[in-house]
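Take a look at the structure below.
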Amino acid sequence: MSAESKDGRDQRVATVAATIAFVVGIGGGIAFAIVYSVGAETGWYTQALGGSLAVATAAIGIGSVIWAHKLMPHGPEEEERPFPGGNPDERAKMLATYDDSLEEIGRRRLLGRLLFAAVGVTGLASLFPIRSLGPSPFPERARTAWNRGVRLVTEEGHPVPVDELDVNGILTVFPEGHIHDADAQTVLLRVPSDIFEPLDGREDWSVDGYVAYSKVCTHNGCPVGLYQVETQQLFCPCHQSAFDVLQGAKPTFGPATRPLPQLPLAVDGQGYLIARGDYDVPVGPGFWTWPSAARQETG
Ligand code: FES
C-alpha cells in the first residue's frame with residue numbers, strides 16, 4: 001500500500017472516530033439533562049449524573065484530540081508546484097489534489113459542527129443544576145402561609161388565646177395548618193403596653209401589647225429567638241444582630257440591615273390571636289426584597 005493511500009485511509013478512520021466521539025458527547029449531554037430532570041427520586045441519580053457528564057466531557061475531549069492530532073495539518077509544509085502547462089498527467093494530478101482539498105474542507109465542516117453541538121449541548125445541560133442552588137427568591141419567597149384570619153398556633157398546634165403570655169413573654173408561633181413552615185415561623189412577644197408605641201401606619205397591628213415579627217433573620221436566615229427584656233431587643237445567635245422590638249424590630253447592632261418583617265395581629269371572636277394578613281415585606285435576607293415583591297395585604 002502506498003504511503004498516500006495509507007494516509008488517506010488513516011484520515012478516514014480518524015474522521016469516523018472523531019465523529020463517533022462527538023456524537024457520544026452530544027448523547028452524554030442529553031443524557032445528563034434527562035437524568036437531572038427526571039431521575040431525582042431514583043437511587044442511581046448521583047451516579048447517573050456523574051456518569052453522563054463524564055461520558056460527555058471525555059468524548060468531547062477524545063474527539064478533539066483525534067481531530068487535532070490526526071486530521072489537522074502539522075506544518076509548516078512546502079511542496080514544489082510547477083506550472084502544470086499542457087501536460088495531461090500534471091493537470092489530472094492537480095485536479096485530484098483539488099478534490100482532496102474539497103474533501104478536507106467538508107470533513108472539517110462536519111467535525112466543527114459536531115464539536116460545536118457537543119459542547120453546546122453539554123454546556124446547556126450543565127446549566128440545569130442552577131435549579132439546585134435553592135428555591136427561587138422570587139416570587140414565591142414574597143409570600144408565606146400567613147393570611148388574613150389565620151390563627152397563631154404553638155409548635156404543638158394549639159391556638160394562642162389572648163391571655164397566653166405574661167408581659168415580657170415570648171413564644172414561637174406558626175400559621176394554623178403550617179406548623180414548622182420555616183418561612184412562616186414567628187416570634188410572638190408581649191411588651192409592656194406603657195412603653196410600646198406603634199409605628200405610624202401600624203397602629204392596629206398589635207393587640208394588648210402583643211407584637212409579632214418574623215423569626216427569620218434578615219441577615220442570613222438564622223432563627224432570631226433570644227429576647228432581652230431589659231433592652232427590648234431580639235438577638236440573632238448566628239452573627240449577633242440585634243433588633244429593637246419597640247421600633248418595628250429595626251436592626252440596632254450586627255450585620256443585619258433590614259428590620260424583621262412584622263406580622264399584623266388581631267383577635268378573633270373566640271379570643272384567639274389571628275393574623276390580619278401576611279408580613280408587610282418578604283421575610284429573610286435582603287436579596288429577597290425585590291421592589292415588586294413588596295405587598296400590603298393587611299387590612
Ligand atoms: S443570620 Fe442573623 S445575624 Fe447573621
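In the C-alpha cells, the first chain shown is A, the next is B, and so on; residue numbers restart at 1 for each chain, and ligands run from 1 in the order shown.
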> ligand 1: which residues are within 9 Å, counting only C-alpha atoms and all ligand atoms, as a PyMOL selection string?
Replying inline: chain A and resi 216-224+235-242+253-256+285
Which residues, written as a compact mmCIF listing (two decimals) with all heavy atoms, in the first residue's frame, have at least one atom at most 6 Å from stretch 109-122 of chain A, with only C-alpha atoms counted and residues fewer than 3 positions away on the same chain left out?
```
# COMPACT_ATOMS: atom_id res chain seq x y z
N PHE A 22 -17.74 12.78 19.04
CA PHE A 22 -18.57 13.97 19.21
C PHE A 22 -20.05 13.60 19.36
O PHE A 22 -20.79 14.23 20.14
CB PHE A 22 -18.39 14.94 18.05
CG PHE A 22 -17.02 15.60 18.05
CD1 PHE A 22 -16.38 15.91 16.86
CD2 PHE A 22 -16.40 15.91 19.24
CE1 PHE A 22 -15.14 16.52 16.86
CE2 PHE A 22 -15.14 16.52 19.25
CZ PHE A 22 -14.51 16.82 18.06
N GLY A 25 -20.50 12.51 22.73
CA GLY A 25 -20.51 13.71 23.59
C GLY A 25 -21.88 14.36 23.62
O GLY A 25 -22.38 14.75 24.68
N ILE A 26 -22.52 14.48 22.45
CA ILE A 26 -23.87 15.05 22.40
C ILE A 26 -24.83 14.18 23.20
O ILE A 26 -25.64 14.67 24.00
CB ILE A 26 -24.34 15.15 20.94
CG1 ILE A 26 -23.48 16.17 20.17
CG2 ILE A 26 -25.81 15.56 20.87
CD1 ILE A 26 -23.73 16.18 18.67
N GLY A 29 -24.39 14.68 26.92
CA GLY A 29 -25.00 15.94 27.38
C GLY A 29 -26.50 15.81 27.50
O GLY A 29 -27.10 16.27 28.48
N GLY A 106 -14.85 19.68 3.66
CA GLY A 106 -16.13 19.10 4.09
C GLY A 106 -16.00 18.39 5.41
O GLY A 106 -16.87 18.49 6.28
N ALA A 125 -26.69 21.65 29.23
CA ALA A 125 -27.11 20.69 30.26
C ALA A 125 -26.47 21.01 31.60
O ALA A 125 -27.09 20.85 32.64
CB ALA A 125 -26.75 19.26 29.83
```
> Quick one: residues within 9 Å of A:Arg108, only C-alpha atoms counted, chain neighbours fewer than 4 positions away excluded, as a ChimeraX atom specification?
Replying inline: /A:67,71-72,103-104,112-113
>> To test your reading of the structure, identify every residue in stretch 191-250 of chain A that backbone DSSP assigns to helix (DSSP H, G or I), and report it as a VMD selection string.
In response: chain A and resid 193 to 195 245 to 247
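The interatomic distance for the pair atom CA of A:Pro192 and atom CA of A:Pro175 works out to 24.5 Å.
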>> as a PyMOL selection string, please: every residue in stretch 128-175 of chain A that DSSP puts in strand (DSSP E or B).
In response: chain A and resi 151-153+159+161+170-175
Prev. selection, all heavy atoms, output as an mmCIF file, in the first residue's frame:
```cif
data_model
loop_
_atom_site.group_PDB
_atom_site.id
_atom_site.type_symbol
_atom_site.label_atom_id
_atom_site.label_comp_id
_atom_site.auth_asym_id
_atom_site.auth_seq_id
_atom_site.Cartn_x
_atom_site.Cartn_y
_atom_site.Cartn_z
ATOM 1 N N ARG A 151 -55.172 31.645 62.330
ATOM 2 C CA ARG A 151 -54.839 31.641 63.752
ATOM 3 C C ARG A 151 -53.343 31.405 63.973
ATOM 4 O O ARG A 151 -52.694 30.661 63.227
ATOM 5 C CB ARG A 151 -55.605 30.524 64.459
ATOM 6 C CG ARG A 151 -56.974 30.968 64.929
ATOM 7 C CD ARG A 151 -57.642 29.884 65.754
ATOM 8 N NE ARG A 151 -58.920 30.356 66.288
ATOM 9 C CZ ARG A 151 -59.848 29.554 66.772
ATOM 10 N NH1 ARG A 151 -59.654 28.248 66.807
ATOM 11 N NH2 ARG A 151 -60.960 30.049 67.239
ATOM 12 N N LEU A 152 -52.839 32.020 65.057
ATOM 13 C CA LEU A 152 -51.489 31.729 65.506
ATOM 14 C C LEU A 152 -51.565 30.440 66.328
ATOM 15 O O LEU A 152 -52.441 30.315 67.194
ATOM 16 C CB LEU A 152 -50.960 32.859 66.393
ATOM 17 C CG LEU A 152 -50.448 34.138 65.717
ATOM 18 C CD1 LEU A 152 -51.516 34.835 64.908
ATOM 19 C CD2 LEU A 152 -49.862 35.088 66.779
ATOM 20 N N VAL A 153 -50.670 29.490 66.075
ATOM 21 C CA VAL A 153 -50.651 28.261 66.872
ATOM 22 C C VAL A 153 -49.237 28.001 67.366
ATOM 23 O O VAL A 153 -48.259 28.438 66.751
ATOM 24 C CB VAL A 153 -51.162 27.027 66.084
ATOM 25 C CG1 VAL A 153 -52.612 27.204 65.681
ATOM 26 C CG2 VAL A 153 -50.295 26.752 64.875
ATOM 27 N N PRO A 159 -53.961 26.705 69.397
ATOM 28 C CA PRO A 159 -54.223 28.129 69.155
ATOM 29 C C PRO A 159 -53.787 28.952 70.368
ATOM 30 O O PRO A 159 -53.749 28.444 71.495
ATOM 31 C CB PRO A 159 -55.745 28.186 68.970
ATOM 32 C CG PRO A 159 -56.181 26.793 68.752
ATOM 33 C CD PRO A 159 -55.188 25.893 69.399
ATOM 34 N N PRO A 161 -54.550 31.821 72.880
ATOM 35 C CA PRO A 161 -55.543 32.773 73.392
ATOM 36 C C PRO A 161 -54.863 34.078 73.765
ATOM 37 O O PRO A 161 -53.654 34.122 73.986
ATOM 38 C CB PRO A 161 -56.110 32.058 74.623
ATOM 39 C CG PRO A 161 -55.055 31.104 75.040
ATOM 40 C CD PRO A 161 -54.279 30.722 73.819
ATOM 41 N N ILE A 170 -42.442 35.456 75.599
ATOM 42 C CA ILE A 170 -42.091 35.227 74.195
ATOM 43 C C ILE A 170 -42.518 33.817 73.813
ATOM 44 O O ILE A 170 -42.459 32.885 74.632
ATOM 45 C CB ILE A 170 -40.573 35.426 73.952
ATOM 46 C CG1 ILE A 170 -40.230 35.203 72.461
ATOM 47 C CG2 ILE A 170 -39.745 34.535 74.840
ATOM 48 C CD1 ILE A 170 -38.795 35.582 72.104
ATOM 49 N N LEU A 171 -42.972 33.653 72.588
ATOM 50 C CA LEU A 171 -43.445 32.350 72.119
ATOM 51 C C LEU A 171 -43.203 32.256 70.604
ATOM 52 O O LEU A 171 -43.401 33.243 69.893
ATOM 53 C CB LEU A 171 -44.940 32.219 72.404
ATOM 54 C CG LEU A 171 -45.631 30.902 72.089
ATOM 55 C CD1 LEU A 171 -45.120 29.792 73.016
ATOM 56 C CD2 LEU A 171 -47.151 31.050 72.255
ATOM 57 N N THR A 172 -42.781 31.076 70.170
ATOM 58 C CA THR A 172 -42.666 30.867 68.721
ATOM 59 C C THR A 172 -43.998 30.332 68.212
ATOM 60 O O THR A 172 -44.544 29.372 68.772
ATOM 61 C CB THR A 172 -41.558 29.857 68.405
ATOM 62 O OG1 THR A 172 -40.307 30.408 68.822
ATOM 63 C CG2 THR A 172 -41.476 29.573 66.913
ATOM 64 N N VAL A 173 -44.508 30.966 67.174
ATOM 65 C CA VAL A 173 -45.813 30.550 66.646
ATOM 66 C C VAL A 173 -45.729 30.328 65.132
ATOM 67 O O VAL A 173 -44.803 30.795 64.462
ATOM 68 C CB VAL A 173 -46.912 31.598 66.950
ATOM 69 C CG1 VAL A 173 -47.174 31.676 68.438
ATOM 70 C CG2 VAL A 173 -46.528 32.964 66.384
ATOM 71 N N PHE A 174 -46.742 29.614 64.642
ATOM 72 C CA PHE A 174 -46.847 29.315 63.213
ATOM 73 C C PHE A 174 -48.288 29.557 62.768
ATOM 74 O O PHE A 174 -49.199 29.608 63.594
ATOM 75 C CB PHE A 174 -46.491 27.842 62.957
ATOM 76 C CG PHE A 174 -45.065 27.500 63.240
ATOM 77 C CD1 PHE A 174 -44.673 27.108 64.517
ATOM 78 C CD2 PHE A 174 -44.101 27.580 62.240
ATOM 79 C CE1 PHE A 174 -43.344 26.802 64.787
ATOM 80 C CE2 PHE A 174 -42.785 27.281 62.499
ATOM 81 C CZ PHE A 174 -42.398 26.878 63.781
ATOM 82 N N PRO A 175 -48.499 29.673 61.466
ATOM 83 C CA PRO A 175 -49.881 29.761 60.994
ATOM 84 C C PRO A 175 -50.571 28.406 61.169
ATOM 85 O O PRO A 175 -49.939 27.355 60.949
ATOM 86 C CB PRO A 175 -49.746 30.109 59.511
ATOM 87 C CG PRO A 175 -48.301 30.073 59.181
ATOM 88 C CD PRO A 175 -47.514 29.752 60.397
#
```
> A:Leu199: which residues within 10 Å, counting only C-alpha atoms, same-chain residues fewer than 6 positions away excluded, as a list of chain:residue names?
Replying inline: A:Trp205, A:Leu246, A:Gln247, A:Gly248
Save the residues we just selected, C-alpha atoms, as a compact mmCIF listing (two decimals), in the first residue's frame?
```
# COMPACT_ATOMS: atom_id res chain seq x y z
CA TRP A 205 -51.06 45.71 64.13
CA LEU A 246 -40.26 48.72 70.25
CA GLN A 247 -39.12 50.22 66.94
CA GLY A 248 -40.58 47.77 64.46
```
>> Rounded to one decimal, what separation in Å do you get between atom CA of A:Tyr36 and atom CA of A:Ala48?
In response: 8.8 Å
>> So that I can check the surroundings of A:Asn168, please list as a list in words every protein, DNA and RNA residue that reaches within 12 Å of it, counting only C-alpha atoms and ignoring chain neighbours fewer than 5 positions away.
In response: Leu188, Leu189, Arg190, Val191, Pro192, Ser193, Ile195, Phe196, Asp208, Gly209, Tyr210, Val211, Tyr227, Gln228, Val229, Glu230, Thr231, Gln232, Gln233, Leu234 and Val245 of chain A
>> I need the residue nearest A:Ser214 from this list: A:Ile66, A:Ile34, A:Leu263, A:Ala92. Use only C-alpha atoms for the distance.
In response: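 Result for the nearest residue to A:Ser214: A:Leu263.
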> What separation in Å, quoted to one decimal, exists between atom CA of A:His180 and atom CA of A:Arg276?
Replying inline: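 About the pair atom CA of A:His180 and atom CA of A:Arg276: they are 20.1 Å apart.
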